[in-house]
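Step one of this worksheet: look at the structure below.
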Amino acid sequence: MRLRGLLAGSACIALAGTAALAEIKIGASLPLTGAFSIAGTKHQQGYELCVDLINEGGGIMGEQVDLIVSDNRSDPATAINQYERFINVDGVDAVFGTFSSRLSFPVANILARNGYVHPVPAGGALRIYTQGHQNLFYFQPNAAEYIGVSLTGMIADLIDEGSRPQTAAVVAADDFFANAVEAGFLGTEVIDPADGSVVEDMAPGYLAEAGIEVVYSEKWPEEGFNDWLNLANSIKRSEADLIIALTASAEEAVQLTRALQTVRAEPMMVYYSQGTQAEFYEGTGDASESILMHTSWHPSAPYNGELNGEPFSNQDFVDAFSEAYGAEPDEDSAIPFAVCQGIEQAIRGAGTTDNAAMGEWLYARTADEPVRTILGRFSWDSRGLPIDKPFLIAQWNGGELQFVYPTDEFPEVSELSHPKDGF
Amino acid sequence: MADIIQIVVLGLALGGVYALMGSGLSLVFGVMRIVNLAHPSLIMGGAYVAYWGFRLYGVDPLIALPVAAIILAATGVLLYKLIFEREAKSAKYSEMTVLLTFAIAMIVEGGLATAFTNTQRVTSPGYATDAFFIGSVFIPKGQLYAGMVSLALIAALALFLKYSRFGYAIRATTQNREAAELMGVNVNMVGLVSFAIGIGLAGAAGALVSFVFSFFPSKHWEWVAVLMSLVVLGGMGSILGTVVAAYVLSVLAAFVGYFFGATWSVLTFYLALFVVLLVRPQGLFGEKPEMA
């Protein structure tokens, strides 16, 4: 009897121990050092905040979430190795994606081969989604090649014909993401480097479609470029009405803005692919006035998401982030938060951490039954690109990043400031 | 013609900043045979001193420059006493310093990121985004001031090396460490002071960098190859060579960028490195090593 009691007691302890250890492991390889460290660190904050809130709410289906974050030093080979380690050594149940097209592209192959759902926070280059992978889910509005349509749409919808820019200077970092955005603006072919095939021909390009002539274009190398004044002077000399600067980071956007200010460039309109972050304004000050940029997220966007099976609005995110980190969030933290929401909802929806089931559940989302995040609603096409989701166009005015387009997305839209009055 | 003048002006303006960034590196190699891969990360340290001085107290980076130089020089003393002094007589000293300074760079980067986060920073005194205009040619005030301060510091260093008693000792140690020691020079003290001056120059360069370029802890990796190109082209250990190389390469890169595109301007530095190593390995002002 005593032995039976001892055995029963041991079994109870063992079961209790198992229950206590039950957890969902999620791996995320992020560029916490190196060229992408600024955005990578913010991604870590977004992921960690989301996981903390999930765990405070009791976890997913009663299981706590254990987030494993590794620093890939902005290096693609290291990112690949870390995801392989997550899968083969750590035995993670799910993964969160990494930052940048440059890192997401090679990582996509590893996660597809291992059958893991690949939620991509930052990896907009179209060719990531045309490799035939069935596990990709992009958590921004659309592929980078299609971003340009938002700007030209805004010009057509909000600016009188006589006040529209007629000429453009298009300058871009020789970067995976920036090249993709540039292809859309200039109408070049998107080539798959693996076999040279044409992924998509963007001709004639959004600028040509809008009747805007490209009078100057230039590229600078991905890393190590410091000759911003020479570049800015060339842009100024082109006398383009519209400057389109496709930078690889907000830091480059700061450098270029300061250089354009120094040479006293006076374009009618300026559009950047990066620069929604608070430090962009800190680095550029009044020179940021009227600069436009696309964004996937805005703090005042009235999106209603879900977390822990309950409503969780964009404002809830802003409040939670400010409380946790003592700073306002920007899209580099908001997007990974949405990724985490998506994976949490996929696990709950599928009722399992089986990635095949999670993937099926995510693909089954529709406009009426979407994944609900602080970036709004998501459902995806067969490539993994969101359906019917426009990019937001924001503009710096008076030190505040204001949402100006599209005008029918939300009730409160700020008025577009045009033309820009110097730097 | 105005275009050519503009390119030369911009090249020279950038060259002045590079010159100071590379001078400390060259001095440390010349005296100590330390290939200091941590030099750019210590420049970042100086940039942060200037940034926080400006951000918290509104101190102009040019005013904060001596503070940055002193703080970094003190860091140099610490690094020298803790790490480099004890290994100075090792036959593999130079090779070891490559790994040691690489590790220091990683530690400095991690320390800066922990203390100040990975957020990009830049100081914004009014002159940083202003320029003098002479006709259609402009001279950026920020880079002009940075270049002038750089040249003043380098000139002061040159005068110190040429005319002070301690400067003699440094030059003697640079030329032949063993002979200098036999002649009664305290080479260990020379090493310590030279290292402190070199790292102090990194701190001063950092204060200038803080308003010329934006920066963040990992940014130093982008500077390593550029600075090494300057030092190799100038002749390892030759401060004059480094200064000349900084101006030559910056102007050359500006021309390459203008005529062949911005992508190629960065490559100018690396191409120069290859060509120099192939054609004149001792650099412009370096001495040809004697055959054993």
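Following the order of the structure tokens, chains are lettered A, B, ..., residues in each are numbered from 1, and ligands are numbered from 1.
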
Starting from chain A, keep only residues with some atom at most 8 Å from an atom of chain B, counting only C-alpha atoms, and report them as a list in words. Leu32, Thr33, Gly34, Ala35, Ser37, Ile38, Thr41, Glu218, Lys219, Trp220, Pro221, Glu223, Gly224, Phe225, Asn226, Asp227, Leu229, Asn230, Leu231, Glu251, Val254, Gln255, Arg258, Ala259, Gln261, Thr262, Val263, Glu279 and Gly283 of chain A

Residue selection dump (C-alpha atoms) as a tab-separated table (two decimals), in the first residue's frame:
chain	number	residue	atom	x	y	z
A	32	LEU	CA	20.95	42.70	-33.59
A	33	THR	CA	24.41	43.81	-34.70
A	34	GLY	CA	25.76	44.82	-38.09
A	35	ALA	CA	24.19	46.89	-40.83
A	37	SER	CA	21.02	46.31	-36.15
A	38	ILE	CA	18.78	49.35	-35.71
A	41	THR	CA	16.72	45.52	-32.27
A	218	GLU	CA	21.82	56.61	-59.53
A	219	LYS	CA	22.71	53.74	-57.24
A	220	TRP	CA	25.03	53.60	-54.29
A	221	PRO	CA	26.59	50.48	-52.80
A	223	GLU	CA	27.53	49.31	-47.47
A	224	GLY	CA	30.37	51.75	-46.96
A	225	PHE	CA	29.01	54.66	-48.99
A	226	ASN	CA	29.80	58.09	-47.52
A	227	ASP	CA	29.87	60.47	-50.47
A	229	LEU	CA	27.16	65.39	-50.72
A	230	ASN	CA	28.27	64.46	-54.22
A	231	LEU	CA	25.12	62.43	-54.70
A	251	GLU	CA	20.18	55.93	-41.34
A	254	VAL	CA	19.11	60.78	-42.59
A	255	GLN	CA	22.45	61.08	-44.41
A	258	ARG	CA	21.20	66.29	-44.46
A	259	ALA	CA	23.21	66.32	-47.70
A	261	GLN	CA	19.78	70.30	-47.05
A	262	THR	CA	23.46	71.24	-47.27
A	263	VAL	CA	23.41	71.66	-51.05
A	279	GLU	CA	15.31	58.98	-35.04
A	283	GLY	CA	18.57	63.42	-37.32

All alpha helix (DSSP H) residues (DSSP, backbone) inside range 68-249 of chain B, as a ChimeraX atom specification: /B:68-79,93-116,141-163,165-175,177-182,187-212,220-234,239-249

Within 12 Å of range 82-89 of chain B, counting only C-alpha atoms, which residues show up once you throw out same-chain ones fewer than 2 positions away? Write them as a short mmCIF file (atom, residue, chain, number, x, y, z; two decimals) with C-alpha atoms, in the first residue's frame, please.
data_model
loop_
_atom_site.label_atom_id
_atom_site.label_comp_id
_atom_site.auth_asym_id
_atom_site.auth_seq_id
_atom_site.Cartn_x
_atom_site.Cartn_y
_atom_site.Cartn_z
CA VAL B 28 49.86 53.28 -33.11
CA VAL B 31 55.33 52.87 -32.76
CA MET B 32 53.73 49.74 -31.39
CA ARG B 33 53.27 47.56 -34.49
CA ILE B 34 49.66 47.18 -33.38
CA VAL B 35 47.25 46.65 -36.27
CA ASN B 36 44.40 48.24 -34.40
CA THR B 75 40.67 54.31 -22.36
CA GLY B 76 43.79 53.80 -24.43
CA VAL B 77 45.98 53.83 -21.32
CA LEU B 78 43.73 51.25 -19.74
CA LEU B 79 43.76 49.00 -22.80
CA TYR B 80 47.51 49.29 -23.11
CA ALA B 91 57.79 37.57 -31.46
CA LYS B 92 54.23 37.22 -32.77
CA TYR B 93 53.14 40.56 -31.34
CA SER B 94 51.79 42.17 -34.52
CA GLU B 95 49.89 39.03 -35.52
CA MET B 96 48.43 38.71 -32.03
CA THR B 97 47.26 42.30 -32.00
CA VAL B 98 45.07 41.67 -35.04
CA LEU B 99 43.03 39.14 -33.09
CA LEU B 100 43.20 41.09 -29.86
CA THR B 101 41.98 44.31 -31.41
CA ALA B 103 38.02 41.16 -29.99
CA ILE B 104 38.23 44.64 -28.49
CA ARG B 177 62.66 49.73 -31.22
CA GLU B 178 65.71 47.72 -30.09
CA VAL B 187 60.18 52.19 -25.02
CA ASN B 188 57.46 50.95 -22.74
CA MET B 189 56.54 54.48 -21.74
CA VAL B 190 56.82 55.57 -25.38
CA GLY B 191 54.43 52.78 -26.31
CA LEU B 192 52.00 53.78 -23.61
CA VAL B 193 51.97 57.47 -24.53
CA PHE B 195 48.92 54.40 -27.79
CA ALA B 196 47.11 56.95 -25.63
#

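Near Lys25 in chain A, within 10 Å and counting only C-alpha atoms, sit A:Glu63, A:Gln64, A:Val65, A:Asp66, A:Leu67, A:Ile68, A:Phe86, A:Asp90, A:Gly91, A:Val92, A:Asp93, A:Ala94, A:Val95, A:Thr353, not including residues fewer than 5 positions from it in the same chain.
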
Could you please take those selected residues and save N, CA and C atoms as a PDB file, in the first residue's frame?
ATOM      1  N   GLU A  63      -0.275  26.865 -22.765  1.00  0.00           N
ATOM      2  CA  GLU A  63       1.176  26.649 -22.779  1.00  0.00           C
ATOM      3  C   GLU A  63       1.907  27.985 -22.899  1.00  0.00           C
ATOM      4  N   GLN A  64       2.923  28.148 -22.088  1.00  0.00           N
ATOM      5  CA  GLN A  64       3.729  29.361 -22.141  1.00  0.00           C
ATOM      6  C   GLN A  64       4.582  29.352 -23.416  1.00  0.00           C
ATOM      7  N   VAL A  65       4.890  30.529 -23.875  1.00  0.00           N
ATOM      8  CA  VAL A  65       5.713  30.651 -25.080  1.00  0.00           C
ATOM      9  C   VAL A  65       7.142  30.992 -24.679  1.00  0.00           C
ATOM     10  N   ASP A  66       8.075  30.213 -25.193  1.00  0.00           N
ATOM     11  CA  ASP A  66       9.490  30.457 -24.939  1.00  0.00           C
ATOM     12  C   ASP A  66      10.111  30.991 -26.235  1.00  0.00           C
ATOM     13  N   LEU A  67      10.473  32.260 -26.228  1.00  0.00           N
ATOM     14  CA  LEU A  67      11.038  32.872 -27.433  1.00  0.00           C
ATOM     15  C   LEU A  67      12.562  32.811 -27.392  1.00  0.00           C
ATOM     16  N   ILE A  68      13.132  32.202 -28.416  1.00  0.00           N
ATOM     17  CA  ILE A  68      14.594  32.132 -28.517  1.00  0.00           C
ATOM     18  C   ILE A  68      15.030  33.103 -29.614  1.00  0.00           C
ATOM     19  N   PHE A  86      17.653  26.265 -34.774  1.00  0.00           N
ATOM     20  CA  PHE A  86      16.343  26.311 -34.106  1.00  0.00           C
ATOM     21  C   PHE A  86      15.566  25.017 -34.363  1.00  0.00           C
ATOM     22  N   ASP A  90      17.308  23.027 -31.252  1.00  0.00           N
ATOM     23  CA  ASP A  90      16.379  23.527 -30.229  1.00  0.00           C
ATOM     24  C   ASP A  90      14.993  22.904 -30.346  1.00  0.00           C
ATOM     25  N   GLY A  91      14.695  22.367 -31.508  1.00  0.00           N
ATOM     26  CA  GLY A  91      13.389  21.738 -31.694  1.00  0.00           C
ATOM     27  C   GLY A  91      12.231  22.704 -31.523  1.00  0.00           C
ATOM     28  N   VAL A  92      12.344  23.889 -32.130  1.00  0.00           N
ATOM     29  CA  VAL A  92      11.285  24.881 -31.964  1.00  0.00           C
ATOM     30  C   VAL A  92       9.994  24.408 -32.631  1.00  0.00           C
ATOM     31  N   ASP A  93       8.883  24.898 -32.077  1.00  0.00           N
ATOM     32  CA  ASP A  93       7.573  24.548 -32.635  1.00  0.00           C
ATOM     33  C   ASP A  93       7.200  25.465 -33.799  1.00  0.00           C
ATOM     34  N   ALA A  94       7.729  26.679 -33.761  1.00  0.00           N
ATOM     35  CA  ALA A  94       7.414  27.653 -34.814  1.00  0.00           C
ATOM     36  C   ALA A  94       8.551  28.658 -34.893  1.00  0.00           C
ATOM     37  N   VAL A  95       8.532  29.459 -35.935  1.00  0.00           N
ATOM     38  CA  VAL A  95       9.562  30.506 -36.065  1.00  0.00           C
ATOM     39  C   VAL A  95       8.890  31.831 -36.379  1.00  0.00           C
ATOM     40  N   THR A 353       0.534  22.936 -32.859  1.00  0.00           N
ATOM     41  CA  THR A 353       1.731  23.601 -33.382  1.00  0.00           C
ATOM     42  C   THR A 353       2.271  22.872 -34.615  1.00  0.00           C
TER      43      THR A 353
END

Residue with smallest distance to Gly351 in chain A - pool A:Leu30, A:Ile54, A:Ala327, A:Met61, counting only C-alpha atoms: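 With only C-alpha atoms as the atom set, the closest residue is A:Met61.
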
Could you write out, as a list in words, all the residues of range 110-179 of chain A that DSSP marks as strand (DSSP E)?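 Secondary structure check on range 110-179 of chain A, strand (DSSP E): His118, Pro119, Val120, Leu136, Phe137, Tyr138, Thr167, Ala168, Ala169, Val170, Val171, Ala172 and Ala173 of chain A.
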
Write the residues you've just listed into a file as a short mmCIF file (atom, residue, chain, number, x, y, z; two decimals), in the first residue's frame, and include C-alpha atoms for each of them.
data_model
loop_
_atom_site.label_atom_id
_atom_site.label_comp_id
_atom_site.auth_asym_id
_atom_site.auth_seq_id
_atom_site.Cartn_x
_atom_site.Cartn_y
_atom_site.Cartn_z
CA HIS A 118 7.46 31.37 -42.52
CA PRO A 119 5.85 34.61 -41.35
CA VAL A 120 7.86 37.40 -42.95
CA LEU A 136 5.25 32.15 -46.82
CA PHE A 137 3.02 34.77 -45.22
CA TYR A 138 4.05 38.39 -45.64
CA THR A 167 10.27 65.07 -63.62
CA ALA A 168 11.89 62.74 -61.11
CA ALA A 169 15.31 61.78 -59.80
CA VAL A 170 15.34 58.18 -58.62
CA VAL A 171 18.27 57.19 -56.41
CA ALA A 172 18.55 53.86 -54.67
CA ALA A 173 20.79 51.75 -52.51
#

I need the residue nearest Val107 in chain A from this list: A:Ile393, A:Val318, A:Ala28, A:Cys50. Use only C-alpha atoms for the distance.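 Counting only C-alpha atoms, the residue closest to Val107 in chain A is A:Ala28.
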
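Minimum distance to Asn397 in chain A across A:Lys420, A:Ala356, A:Glu289, A:Ser382 (counting only C-alpha atoms) occurs at A:Glu289.
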
At a cut-off of 12 Å, using only C-alpha atoms, what residues contact range 398-413 of chain A? Leave out same-chain residues fewer than 6 positions from it and give the result as a VMD selection string. chain A and resid 149 to 159 275 to 303 330 to 331 376 388 to 392

Neighbouring residues of range 75-81 of chain A were defined as those with any atom within 7 Å, considering only C-alpha atoms; residues of the same chain fewer than 2 positions away were excluded. Please report them as a PyMOL selection string. chain A and resi 29+72-73+83-85+103+106-107+110

Within 7 Å of Leu151 in chain B, counting only C-alpha atoms, which residues qualify if same-chain residues fewer than 4 places away don't, as a PyMOL selection string? chain B and resi 16+147+155
